[in-house]
>>> print(open('protein12.json').read())   # JSON, C-alpha atoms
[["chain", "number", "residue", "atom", "x", "y", "z"],
["A", 1, "MET", "CA", 0.00, 0.00, 0.00],
["A", 2, "THR", "CA", 3.03, 2.23, 0.15],
["A", 3, "GLY", "CA", 5.39, 3.38, -2.56],
["A", 4, "LYS", "CA", 5.47, 6.27, -4.96],
["A", 5, "ASP", "CA", 3.39, 7.07, -7.99],
["A", 6, "LYS", "CA", 4.76, 8.24, -11.35],
["A", 7, "ARG", "CA", 4.89, 11.87, -10.20],
["A", 8, "GLY", "CA", 7.15, 10.91, -7.29],
["A", 9, "THR", "CA", 4.56, 11.65, -4.61],
["A", 10, "ARG", "CA", 3.89, 8.98, -2.02],
["A", 11, "LYS", "CA", 0.85, 6.78, -2.68],
["A", 12, "LYS", "CA", -1.88, 7.06, -0.08],
["A", 13, "THR", "CA", -3.53, 4.00, 1.37],
["A", 14, "ALA", "CA", -7.25, 3.40, 0.87],
["A", 15, "VAL", "CA", -7.77, 2.97, 4.63],
["A", 16, "TYR", "CA", -8.51, 6.13, 6.61],
["A", 17, "ASN", "CA", -7.99, 6.34, 10.35],
["A", 18, "ARG", "CA", -8.42, 8.61, 13.36],
["A", 19, "LEU", "CA", -5.13, 7.76, 15.04],
["A", 20, "ALA", "CA", -3.82, 11.33, 15.23],
["A", 21, "VAL", "CA", -7.06, 12.62, 16.79],
["A", 22, "LEU", "CA", -7.28, 9.75, 19.28],
["A", 23, "ARG", "CA", -3.65, 10.14, 20.27],
["A", 24, "ALA", "CA", -4.02, 13.88, 20.79],
["A", 25, "GLU", "CA", -7.27, 13.44, 22.70],
["A", 26, "ARG", "CA", -5.75, 10.92, 25.10],
["A", 27, "GLY", "CA", -2.29, 12.47, 25.28],
["A", 28, "VAL", "CA", -0.52, 9.38, 23.98],
["A", 29, "SER", "CA", 2.83, 9.82, 22.23],
["A", 30, "ARG", "CA", 3.73, 7.96, 19.06],
["A", 31, "ALA", "CA", 6.43, 6.08, 20.95],
["A", 32, "ASP", "CA", 3.92, 4.95, 23.63],
["A", 33, "LEU", "CA", 1.39, 3.76, 21.07],
["A", 34, "ALA", "CA", 4.12, 2.08, 19.01],
["A", 35, "ALA", "CA", 5.44, 0.23, 22.07],
["A", 36, "ALA", "CA", 1.92, -0.85, 23.04],
["A", 37, "VAL", "CA", 1.08, -2.32, 19.62],
["A", 38, "GLY", "CA", 4.60, -3.60, 18.83],
["A", 39, "VAL", "CA", 5.75, -1.44, 15.93],
["A", 40, "ASN", "CA", 8.39, 1.19, 15.24],
["A", 41, "PRO", "CA", 7.25, 4.77, 16.19],
["A", 42, "GLN", "CA", 7.85, 5.80, 12.57],
["A", 43, "THR", "CA", 5.22, 3.30, 11.47],
["A", 44, "ILE", "CA", 2.63, 5.16, 13.57],
["A", 45, "GLY", "CA", 3.59, 8.32, 11.66],
["A", 46, "PHE", "CA", 3.14, 6.48, 8.35],
["A", 47, "LEU", "CA", -0.30, 5.25, 9.48],
["A", 48, "GLU", "CA", -1.41, 8.71, 10.59],
["A", 49, "ARG", "CA", -0.39, 10.27, 7.29],
["A", 50, "GLY", "CA", -2.18, 7.52, 5.36],
["A", 51, "ASP", "CA", 1.08, 6.38, 3.79],
["A", 52, "TYR", "CA", 0.70, 2.84, 5.06],
["A", 53, "GLY", "CA", -2.31, 0.56, 5.42],
["A", 54, "PRO", "CA", -2.06, -1.65, 8.51],
["A", 55, "SER", "CA", -2.57, -5.41, 8.54],
["A", 56, "ALA", "CA", -5.76, -6.67, 10.18],
["A", 57, "GLU", "CA", -3.73, -7.78, 13.20],
["A", 58, "LEU", "CA", -2.13, -4.37, 13.72],
["A", 59, "ALA", "CA", -5.43, -2.56, 13.19],
["A", 60, "LEU", "CA", -7.13, -4.78, 15.78],
["A", 61, "ARG", "CA", -4.29, -4.25, 18.25],
["A", 62, "ILE", "CA", -4.66, -0.48, 17.85],
["A", 63, "CYS", "CA", -8.44, -0.70, 18.38],
["A", 64, "GLU", "CA", -7.87, -2.83, 21.48],
["A", 65, "TYR", "CA", -5.39, -0.27, 22.83],
["A", 66, "PHE", "CA", -7.89, 2.57, 22.47],
["A", 67, "GLY", "CA", -10.79, 0.37, 23.59],
["A", 68, "LEU", "CA", -12.86, 1.32, 20.57],
["A", 69, "PRO", "CA", -14.66, -0.67, 17.88],
["A", 70, "PHE", "CA", -12.90, -1.07, 14.54],
["A", 71, "GLU", "CA", -15.25, 1.27, 12.67],
["A", 72, "ALA", "CA", -14.53, 4.08, 15.16],
["A", 73, "VAL", "CA", -10.82, 4.03, 14.29],
["A", 74, "PHE", "CA", -10.62, 2.83, 10.67],
["A", 75, "SER", "CA", -12.79, 3.42, 7.62],
["A", 76, "LEU", "CA", -12.68, 2.97, 3.86],
["A", 77, "ARG", "CA", -14.18, 6.48, 3.48],
["A", 78, "PRO", "CA", -12.80, 9.73, 4.90],
["A", 79, "PHE", "CA", -14.05, 10.48, 8.42],
["A", 80, "THR", "CA", -16.14, 13.57, 9.09],
["A", 81, "PRO", "CA", -14.40, 15.80, 11.66],
["A", 82, "MET", "CA", -15.12, 14.66, 15.22],
["A", 83, "SER", "CA", -16.00, 18.23, 16.28],
["A", 84, "SER", "CA", -18.82, 18.50, 13.73],
["A", 85, "GLN", "CA", -20.09, 15.04, 14.67],
["A", 86, "LEU", "CA", -20.15, 16.02, 18.35],
["A", 87, "TYR", "CA", -21.86, 19.35, 17.63],
["A", 88, "ARG", "CA", -24.54, 17.67, 15.51],
["A", 89, "SER", "CA", -25.26, 14.99, 18.14],
["A", 90, "ALA", "CA", -25.44, 17.61, 20.95],
["A", 91, "ASP", "CA", -27.75, 19.98, 19.04],
["A", 92, "PRO", "CA", -31.41, 18.79, 19.42],
["A", 93, "HIS", "CA", -32.55, 21.20, 16.65],
["A", 94, "PRO", "CA", -29.99, 20.96, 13.86],
["A", 95, "GLY", "CA", -32.11, 23.10, 11.53],
["A", 96, "GLY", "CA", -32.16, 26.01, 13.99],
["A", 97, "GLN", "CA", -35.90, 25.52, 14.72],
["A", 98, "PRO", "CA", -37.00, 25.74, 18.41],
["B", 99, "MET", "CA", 25.52, 3.79, 21.40],
["B", 100, "THR", "CA", 28.77, 5.72, 21.62],
["B", 101, "GLU", "CA", 31.06, 6.18, 18.63],
["B", 102, "PRO", "CA", 33.94, 3.70, 18.64],
["B", 103, "THR", "CA", 37.09, 5.44, 19.86],
["B", 104, "ALA", "CA", 40.60, 4.08, 20.36],
["B", 105, "GLY", "CA", 40.02, 3.95, 24.14],
["B", 106, "GLY", "CA", 36.58, 2.39, 23.68],
["B", 107, "LEU", "CA", 37.99, -0.20, 21.31],
["B", 108, "ARG", "CA", 40.75, -1.08, 23.78],
["B", 109, "SER", "CA", 38.27, -1.50, 26.64],
["B", 110, "ARG", "CA", 36.02, -3.66, 24.45],
["B", 111, "LEU", "CA", 38.97, -5.85, 23.47],
["B", 112, "GLN", "CA", 39.88, -6.14, 27.15],
["B", 113, "HIS", "CA", 36.25, -7.09, 27.91],
["B", 114, "HIS", "CA", 36.34, -9.78, 25.17],
["B", 115, "ARG", "CA", 39.59, -11.18, 26.61],
["B", 116, "GLU", "CA", 38.03, -11.38, 30.05],
["B", 117, "VAL", "CA", 34.92, -13.11, 28.69],
["B", 118, "LEU", "CA", 37.05, -15.66, 26.82],
["B", 119, "ALA", "CA", 39.17, -16.27, 29.92],
["B", 120, "ALA", "CA", 36.02, -16.79, 32.00],
["B", 121, "ALA", "CA", 34.58, -19.18, 29.40],
["B", 122, "LYS", "CA", 37.79, -21.23, 29.34],
["B", 123, "ASP", "CA", 37.37, -22.61, 32.86],
["B", 124, "ALA", "CA", 33.56, -22.52, 32.95],
["B", 125, "THR", "CA", 31.15, -25.44, 33.16],
["B", 126, "PRO", "CA", 28.85, -26.07, 30.14],
["B", 127, "GLN", "CA", 25.96, -24.33, 31.95],
["B", 128, "GLU", "CA", 28.13, -21.32, 32.73],
["B", 129, "ARG", "CA", 29.33, -21.18, 29.12],
["B", 130, "ARG", "CA", 25.69, -21.17, 27.94],
["B", 131, "ALA", "CA", 24.96, -18.30, 30.32],
["B", 132, "ILE", "CA", 28.01, -16.38, 29.01],
["B", 133, "LEU", "CA", 26.87, -16.99, 25.42],
["B", 134, "ASP", "CA", 23.34, -15.77, 26.22],
["B", 135, "ALA", "CA", 24.77, -12.63, 27.83],
["B", 136, "ILE", "CA", 26.93, -11.96, 24.74],
["B", 137, "ARG", "CA", 23.91, -12.39, 22.45],
["B", 138, "ALA", "CA", 21.79, -10.07, 24.60],
["B", 139, "ASP", "CA", 24.57, -7.47, 24.54],
["B", 140, "GLN", "CA", 24.81, -7.72, 20.73],
["B", 141, "ASP", "CA", 21.02, -7.33, 20.39],
["B", 142, "ASP", "CA", 21.08, -4.24, 22.62],
["B", 143, "ARG", "CA", 23.89, -2.66, 20.62],
["B", 144, "ARG", "CA", 22.16, -3.41, 17.30],
["B", 145, "ARG", "CA", 18.90, -1.86, 18.55],
["B", 146, "ALA", "CA", 20.80, 1.19, 19.76],
["B", 147, "ARG", "CA", 22.38, 1.58, 16.31],
["B", 148, "ARG", "CA", 18.95, 1.38, 14.68],
["B", 149, "THR", "CA", 17.36, 4.03, 16.90],
["B", 150, "ARG", "CA", 20.29, 6.46, 16.73],
["B", 151, "PRO", "CA", 19.06, 9.72, 15.10],
["B", 152, "LEU", "CA", 20.29, 10.21, 11.55],
["B", 153, "PRO", "CA", 22.38, 13.24, 10.58],
["B", 154, "ARG", "CA", 20.11, 15.80, 8.88],
["B", 155, "TRP", "CA", 21.82, 15.44, 5.51],
["B", 156, "LEU", "CA", 21.13, 11.69, 5.47],
["B", 157, "THR", "CA", 17.38, 12.30, 5.78],
["B", 158, "ARG", "CA", 17.27, 14.23, 2.48],
["B", 159, "PRO", "CA", 15.97, 12.13, -0.42],
["B", 160, "GLY", "CA", 18.55, 13.56, -2.84],
["B", 161, "ALA", "CA", 21.46, 12.65, -0.56],
["B", 162, "ARG", "CA", 20.09, 9.16, 0.03],
["B", 163, "ARG", "CA", 19.66, 8.52, -3.68],
["B", 164, "ALA", "CA", 23.16, 9.82, -4.41],
["B", 165, "LEU", "CA", 24.45, 7.49, -1.72],
["B", 166, "ALA", "CA", 22.48, 4.60, -3.22],
["B", 167, "ALA", "CA", 24.28, 5.21, -6.53],
["B", 168, "VAL", "CA", 27.59, 4.57, -4.71],
["B", 169, "ALA", "CA", 26.70, 0.84, -4.80],
["B", 170, "VAL", "CA", 27.51, 0.82, -8.52],
["B", 171, "VAL", "CA", 31.03, 2.22, -7.94],
["B", 172, "PRO", "CA", 32.78, -1.13, -7.12],
["B", 173, "PHE", "CA", 31.19, -2.78, -10.17],
["B", 174, "ALA", "CA", 32.05, 0.14, -12.49],
["B", 175, "CYS", "CA", 35.62, 0.34, -11.17],
["B", 176, "GLY", "CA", 36.04, -3.43, -11.45],
["B", 177, "THR", "CA", 34.80, -3.38, -15.05],
["B", 178, "VAL", "CA", 37.13, -0.53, -16.02],
["B", 179, "GLY", "CA", 40.01, -2.15, -14.10],
["B", 180, "ALA", "CA", 39.53, -5.38, -16.03],
["B", 181, "TYR", "CA", 40.56, -3.65, -19.25],
["B", 182, "LEU", "CA", 43.62, -1.91, -17.77],
["B", 183, "ALA", "CA", 47.07, -3.45, -17.47],
["B", 184, "PRO", "CA", 47.24, -5.31, -14.14],
["B", 185, "GLU", "CA", 49.24, -3.54, -11.41],
["B", 186, "SER", "CA", 49.63, -0.41, -13.54],
["B", 187, "LEU", "CA", 49.09, 2.93, -11.80],
["B", 188, "PRO", "CA", 45.71, 3.65, -13.48],
["B", 189, "ALA", "CA", 44.46, 0.15, -12.59],
["B", 190, "LEU", "CA", 45.50, 0.56, -8.95],
["B", 191, "ALA", "CA", 43.88, 4.01, -8.81],
["B", 192, "VAL", "CA", 40.60, 2.67, -10.23],
["B", 193, "GLN", "CA", 40.62, -0.27, -7.81],
["B", 194, "GLY", "CA", 41.30, 2.14, -4.94],
["B", 195, "VAL", "CA", 38.26, 4.20, -5.91],
["B", 196, "GLY", "CA", 36.22, 0.98, -5.98],
["B", 197, "LEU", "CA", 37.35, 0.07, -2.46],
["B", 198, "VAL", "CA", 36.55, 3.58, -1.20],
["B", 199, "GLY", "CA", 33.07, 3.19, -2.73],
["B", 200, "LEU", "CA", 32.68, -0.15, -0.97],
["B", 201, "ALA", "CA", 33.74, 1.28, 2.40],
["B", 202, "ALA", "CA", 31.46, 4.33, 2.00],
["B", 203, "GLY", "CA", 28.59, 2.08, 0.99],
["B", 204, "LEU", "CA", 29.05, -0.34, 3.87],
["B", 205, "THR", "CA", 29.09, 2.43, 6.47],
["B", 206, "LEU", "CA", 26.81, 5.19, 5.16],
["B", 207, "LEU", "CA", 24.21, 3.14, 3.27],
["B", 208, "ARG", "CA", 23.57, 0.92, 6.28],
["B", 209, "ARG", "CA", 23.38, 3.96, 8.53],
["B", 210, "ALA", "CA", 20.96, 5.71, 6.14],
["B", 211, "THR", "CA", 18.64, 2.70, 6.05],
["B", 212, "ARG", "CA", 18.95, 1.94, 9.79],
["B", 213, "LEU", "CA", 20.28, -1.55, 8.96],
["B", 214, "LEU", "CA", 16.93, -2.41, 7.35],
["B", 215, "THR", "CA", 18.40, -5.16, 5.18],
["B", 216, "GLU", "CA", 20.83, -6.52, 7.79],
["B", 217, "VAL", "CA", 18.87, -7.02, 11.01],
["B", 218, "PRO", "CA", 16.88, -10.17, 11.88],
["B", 219, "ASP", "CA", 13.13, -10.26, 11.13],
["B", 220, "GLY", "CA", 12.30, -9.97, 14.82],
["B", 221, "ASP", "CA", 13.72, -6.43, 14.94],
["B", 222, "LEU", "CA", 11.40, -5.18, 12.17],
["B", 223, "ASP", "CA", 7.69, -4.44, 12.18],
["B", 224, "GLU", "CA", 5.29, -5.33, 9.37],
["B", 225, "ARG", "CA", 5.86, -2.09, 7.41],
["B", 226, "GLU", "CA", 9.64, -2.46, 7.58],
["B", 227, "LEU", "CA", 9.44, -6.12, 6.55],
["B", 228, "GLY", "CA", 7.42, -5.06, 3.50],
["B", 229, "GLU", "CA", 9.97, -2.36, 2.65],
["B", 230, "ARG", "CA", 12.81, -4.85, 3.02],
["B", 231, "ASP", "CA", 11.06, -7.35, 0.74],
["B", 232, "ARG", "CA", 10.64, -4.68, -1.94],
["B", 233, "ALA", "CA", 14.28, -3.59, -1.58],
["B", 234, "LEU", "CA", 15.55, -7.18, -1.84],
["B", 235, "GLY", "CA", 13.39, -7.71, -4.95],
["B", 236, "ALA", "CA", 14.89, -4.62, -6.61],
["B", 237, "ALA", "CA", 18.42, -5.66, -5.53],
["B", 238, "TYR", "CA", 17.90, -9.09, -7.09],
["B", 239, "VAL", "CA", 16.98, -7.53, -10.46],
["B", 240, "LEU", "CA", 19.98, -5.17, -10.32],
["B", 241, "LEU", "CA", 22.32, -8.02, -9.42],
["B", 242, "PHE", "CA", 20.96, -9.99, -12.39],
["B", 243, "CYS", "CA", 21.88, -7.00, -14.61],
["B", 244, "CYS", "CA", 25.44, -6.92, -13.19],
["B", 245, "VAL", "CA", 25.88, -10.65, -13.76],
["B", 246, "GLY", "CA", 24.49, -10.14, -17.28],
["B", 247, "VAL", "CA", 27.20, -7.55, -18.01],
["B", 248, "LEU", "CA", 29.79, -9.98, -16.61],
["B", 249, "ALA", "CA", 28.48, -12.72, -18.92],
["B", 250, "LEU", "CA", 28.52, -10.37, -21.94],
["B", 251, "ALA", "CA", 32.13, -9.41, -21.13],
["B", 252, "ALA", "CA", 33.02, -13.12, -21.03],
["B", 253, "LEU", "CA", 31.35, -13.70, -24.41],
["B", 254, "ALA", "CA", 32.99, -10.64, -25.99],
["B", 255, "ASP", "CA", 36.41, -11.47, -24.58],
["B", 256, "GLY", "CA", 38.72, -12.13, -27.51],
["B", 257, "PRO", "CA", 36.70, -11.31, -30.60],
["B", 258, "LEU", "CA", 35.58, -7.78, -29.51],
["B", 259, "LEU", "CA", 37.35, -6.75, -26.32],
["B", 260, "ASP", "CA", 40.43, -7.97, -24.52],
["B", 261, "VAL", "CA", 39.99, -8.42, -20.79],
["B", 262, "ARG", "CA", 43.42, -8.05, -19.15],
["B", 263, "ALA", "CA", 42.39, -9.40, -15.73],
["B", 264, "TRP", "CA", 39.11, -10.93, -14.57],
["B", 265, "GLU", "CA", 39.70, -10.55, -10.84],
["B", 266, "PRO", "CA", 38.76, -6.85, -10.55],
["B", 267, "MET", "CA", 35.52, -7.38, -12.47],
["B", 268, "VAL", "CA", 34.45, -10.44, -10.47],
["B", 269, "LEU", "CA", 35.39, -8.80, -7.15],
["B", 270, "GLY", "CA", 33.63, -5.57, -8.18],
["B", 271, "THR", "CA", 30.47, -7.55, -8.92],
["B", 272, "LEU", "CA", 30.68, -9.30, -5.54],
["B", 273, "PHE", "CA", 31.24, -6.02, -3.68],
["B", 274, "THR", "CA", 28.32, -4.38, -5.49],
["B", 275, "ALA", "CA", 26.18, -7.43, -4.64],
["B", 276, "LEU", "CA", 27.01, -6.74, -0.98],
["B", 277, "LEU", "CA", 25.81, -3.15, -1.26],
["B", 278, "LEU", "CA", 22.74, -3.59, -3.49],
["B", 279, "PRO", "CA", 20.15, -4.48, -0.81],
["B", 280, "SER", "CA", 21.02, -1.41, 1.29],
["B", 281, "ALA", "CA", 21.24, 0.75, -1.85],
["B", 282, "ALA", "CA", 17.80, -0.36, -3.05],
["B", 283, "ALA", "CA", 16.38, 0.32, 0.43],
["B", 284, "ALA", "CA", 18.01, 3.78, 0.50],
["B", 285, "TRP", "CA", 16.67, 4.61, -2.97],
["B", 286, "ARG", "CA", 13.10, 3.67, -2.02],
["B", 287, "TRP", "CA", 13.28, 4.92, 1.58],
["B", 288, "SER", "CA", 10.14, 6.86, 2.47],
["B", 289, "ASP", "CA", 10.87, 10.23, 3.98],
["B", 290, "PRO", "CA", 10.09, 10.27, 7.69],
["B", 291, "ASP", "CA", 8.49, 13.36, 9.18],
["B", 292, "GLU", "CA", 10.77, 15.46, 11.32],
["B", 293, "ASP", "CA", 8.79, 14.55, 14.43],
["B", 294, "ASP", "CA", 8.75, 10.81, 13.67],
["B", 295, "ASP", "CA", 11.78, 10.26, 15.86],
["B", 296, "LEU", "CA", 10.25, 12.07, 18.83]]
>>> encode(input="protein12.json", output="structure tokens")
Amino acid sequence: MTGKDKRGTRKKTAVYNRLAVLRAERGVSRADLAAAVGVNPQTIGFLERGDYGPSAELALRICEYFGLPFEAVFSLRPFTPMSSQLYRSADPHPGGQP
Amino acid sequence: MTEPTAGGLRSRLQHHREVLAAAKDATPQERRAILDAIRADQDDRRRARRTRPLPRWLTRPGARRALAAVAVVPFACGTVGAYLAPESLPALAVQGVGLVGLAAGLTLLRRATRLLTEVPDGDLDERELGERDRALGAAYVLLFCCVGVLALAALADGPLLDVRAWEPMVLGTLFTALLLPSAAAAWRWSDPDEDDDL
């Protein structure tokens, strides 16, 4: 899933993830997450940038570490920003009607 | 890991002498324990070498690719040296350049790729194993090309060209074969973010 295309830019993986947001939210460093799931800290950087698609085993280990279901961390489609999701779920009248 | 210095080298040699002396009079169980301790020490040192931060210039893609091209130097010098009079000054100069290329490749290429193609599988994660597989695949193709040139030179020897000495060419091919896996890994190395090492 990695490599470079003909223009020399790095190919992006088709798997999107929320690793950067989850790490920032919980104050976990790349090194801590990498040690917990058994990879090199650089690999976490590659995952966050979408430059590498994880194996099923690694993805499941990451989900287990965060205690979240698979679909909350990984997706085949881009995630909507968490802030807008939270705002929408908290607002009982999304259309502005009382 | 600290850089090897003359004092450091002396103390390590002294340490090796002491270990050997201890192993000489040890029981088989004690020897096994000594061997396990040596292996653990080697593993620690290898891991320290892999995690050592790279100099800034080695993280630049242009520098890494230029360094990867150094792998061809022993082969090119060996090929040129094969057509020069053995032990003549130009032949010795060309062979010297080839050896410098080999030394530079062995030290800098391995440093630039964090020993990706040298360490055991257990030291690499799944992404690094994939990168190593791709590098070894590319190195295999390049080595096939070098051996192809060697075979063509053998076929053309006599009727077209006159090889004066085969040794430099064969040795150059072997030395380049040593460097190709690291060179392929350096050429394809994905650029880490600046904060990846943090």
>>> closest_residue(input="protein12.json", among="A:Arg26, A:Arg49, A:Arg18, A:Arg88", to="chain B", atoms="all atoms listed in the file")
A:Arg49
>>> interface_residues(input="protein12.json", of="chain A", to="chain B", cutoff="7 Å", atoms="only C-alpha atoms", output="list of chain:residue names")
A:Val39, A:Asn40, A:Pro41, A:Gln42, A:Thr43, A:Gly45
>>> residues_near_point(input="protein12.json", point="(35.6, -2.8, -8.6)", cutoff="12 Å", atoms="all atoms listed in the file", output="count of residues only")
41
>>> atom_distance(input="protein12.json", atom1="CA of Ala20 in chain A", atom2="CA of Trp155 in chain B")
27.7 Å
>>> atom_distance(input="protein12.json", atom1="CA of Leu47 in chain A", atom2="CA of Val73 in chain A")
11.6 Å
>>> residues_around(input="protein12.json", residues="Thr13 in chain A", least_positions_apart="5", cutoff="6 Å", atoms="all atoms listed in the file", output="list in words")
Met1, Gly50, Asp51, Tyr52 and Gly53 of chain A
>>> atom_distance(input="protein12.json", atom1="CA of Ala14 in chain A", atom2="CA of Leu76 in chain A")
6.2 Å
>>> closest_residue(input="protein12.json", among="A:Thr80, A:Val15, A:Gln85, A:Val37", to="Cys63 in chain A", atoms="only C-alpha atoms")
A:Val37
>>> closest_residue(input="protein12.json", among="B:Ala124, B:Ile132, B:Leu156, B:Leu276", to="Leu206 in chain B", atoms="all atoms listed in the file")
B:Leu156
>>> decode(input="protein12.json", residues="range 33-54 of chain A", atoms="N, CA and C atoms", output="mmCIF file, in the first residue's frame")
data_model
loop_
_atom_site.group_PDB
_atom_site.id
_atom_site.type_symbol
_atom_site.label_atom_id
_atom_site.label_comp_id
_atom_site.auth_asym_id
_atom_site.auth_seq_id
_atom_site.Cartn_x
_atom_site.Cartn_y
_atom_site.Cartn_z
ATOM 1 N N LEU A 33 2.313 4.582 21.854
ATOM 2 C CA LEU A 33 1.386 3.763 21.067
ATOM 3 C C LEU A 33 2.145 2.662 20.330
ATOM 4 N N ALA A 34 3.314 3.052 19.756
ATOM 5 C CA ALA A 34 4.119 2.078 19.013
ATOM 6 C C ALA A 34 4.555 0.936 19.916
ATOM 7 N N ALA A 35 5.000 1.278 21.130
ATOM 8 C CA ALA A 35 5.442 0.226 22.067
ATOM 9 C C ALA A 35 4.275 -0.671 22.455
ATOM 10 N N ALA A 36 3.089 -0.071 22.605
ATOM 11 C CA ALA A 36 1.922 -0.855 23.036
ATOM 12 C C ALA A 36 1.457 -1.835 21.962
ATOM 13 N N VAL A 37 1.579 -1.432 20.691
ATOM 14 C CA VAL A 37 1.084 -2.316 19.619
ATOM 15 C C VAL A 37 2.217 -3.060 18.912
ATOM 16 N N GLY A 38 3.460 -2.820 19.339
ATOM 17 C CA GLY A 38 4.601 -3.603 18.830
ATOM 18 C C GLY A 38 5.105 -3.207 17.463
ATOM 19 N N VAL A 39 5.148 -1.894 17.194
ATOM 20 C CA VAL A 39 5.748 -1.438 15.932
ATOM 21 C C VAL A 39 6.746 -0.315 16.218
ATOM 22 N N ASN A 40 7.456 0.087 15.162
ATOM 23 C CA ASN A 40 8.393 1.193 15.237
ATOM 24 C C ASN A 40 7.595 2.510 15.313
ATOM 25 N N PRO A 41 8.009 3.502 16.128
ATOM 26 C CA PRO A 41 7.250 4.773 16.189
ATOM 27 C C PRO A 41 7.052 5.427 14.821
ATOM 28 N N GLN A 42 8.013 5.224 13.911
ATOM 29 C CA GLN A 42 7.855 5.803 12.573
ATOM 30 C C GLN A 42 6.647 5.212 11.852
ATOM 31 N N THR A 43 6.358 3.951 12.134
ATOM 32 C CA THR A 43 5.219 3.302 11.474
ATOM 33 C C THR A 43 3.904 3.972 11.887
ATOM 34 N N ILE A 44 3.827 4.442 13.133
ATOM 35 C CA ILE A 44 2.628 5.162 13.573
ATOM 36 C C ILE A 44 2.476 6.447 12.745
ATOM 37 N N GLY A 45 3.626 7.122 12.496
ATOM 38 C CA GLY A 45 3.594 8.319 11.656
ATOM 39 C C GLY A 45 3.106 8.003 10.243
ATOM 40 N N PHE A 46 3.573 6.895 9.690
ATOM 41 C CA PHE A 46 3.138 6.482 8.350
ATOM 42 C C PHE A 46 1.643 6.197 8.339
ATOM 43 N N LEU A 47 1.139 5.553 9.397
ATOM 44 C CA LEU A 47 -0.297 5.245 9.483
ATOM 45 C C LEU A 47 -1.112 6.535 9.561
ATOM 46 N N GLU A 48 -0.659 7.463 10.395
ATOM 47 C CA GLU A 48 -1.414 8.712 10.590
ATOM 48 C C GLU A 48 -1.482 9.529 9.315
ATOM 49 N N ARG A 49 -0.409 9.507 8.538
ATOM 50 C CA ARG A 49 -0.394 10.274 7.291
ATOM 51 C C ARG A 49 -1.105 9.540 6.164
ATOM 52 N N GLY A 50 -1.506 8.300 6.402
ATOM 53 C CA GLY A 50 -2.177 7.518 5.359
ATOM 54 C C GLY A 50 -1.198 6.968 4.342
ATOM 55 N N ASP A 51 0.085 6.900 4.713
ATOM 56 C CA ASP A 51 1.083 6.379 3.785
ATOM 57 C C ASP A 51 1.232 4.868 3.888
ATOM 58 N N TYR A 52 0.598 4.286 4.875
ATOM 59 C CA TYR A 52 0.703 2.837 5.056
ATOM 60 C C TYR A 52 -0.625 2.299 5.569
ATOM 61 N N GLY A 53 -1.090 1.220 4.968
ATOM 62 C CA GLY A 53 -2.315 0.563 5.421
ATOM 63 C C GLY A 53 -1.957 -0.586 6.348
ATOM 64 N N PRO A 54 -2.482 -0.616 7.567
ATOM 65 C CA PRO A 54 -2.060 -1.653 8.514
ATOM 66 C C PRO A 54 -2.651 -3.017 8.168
#
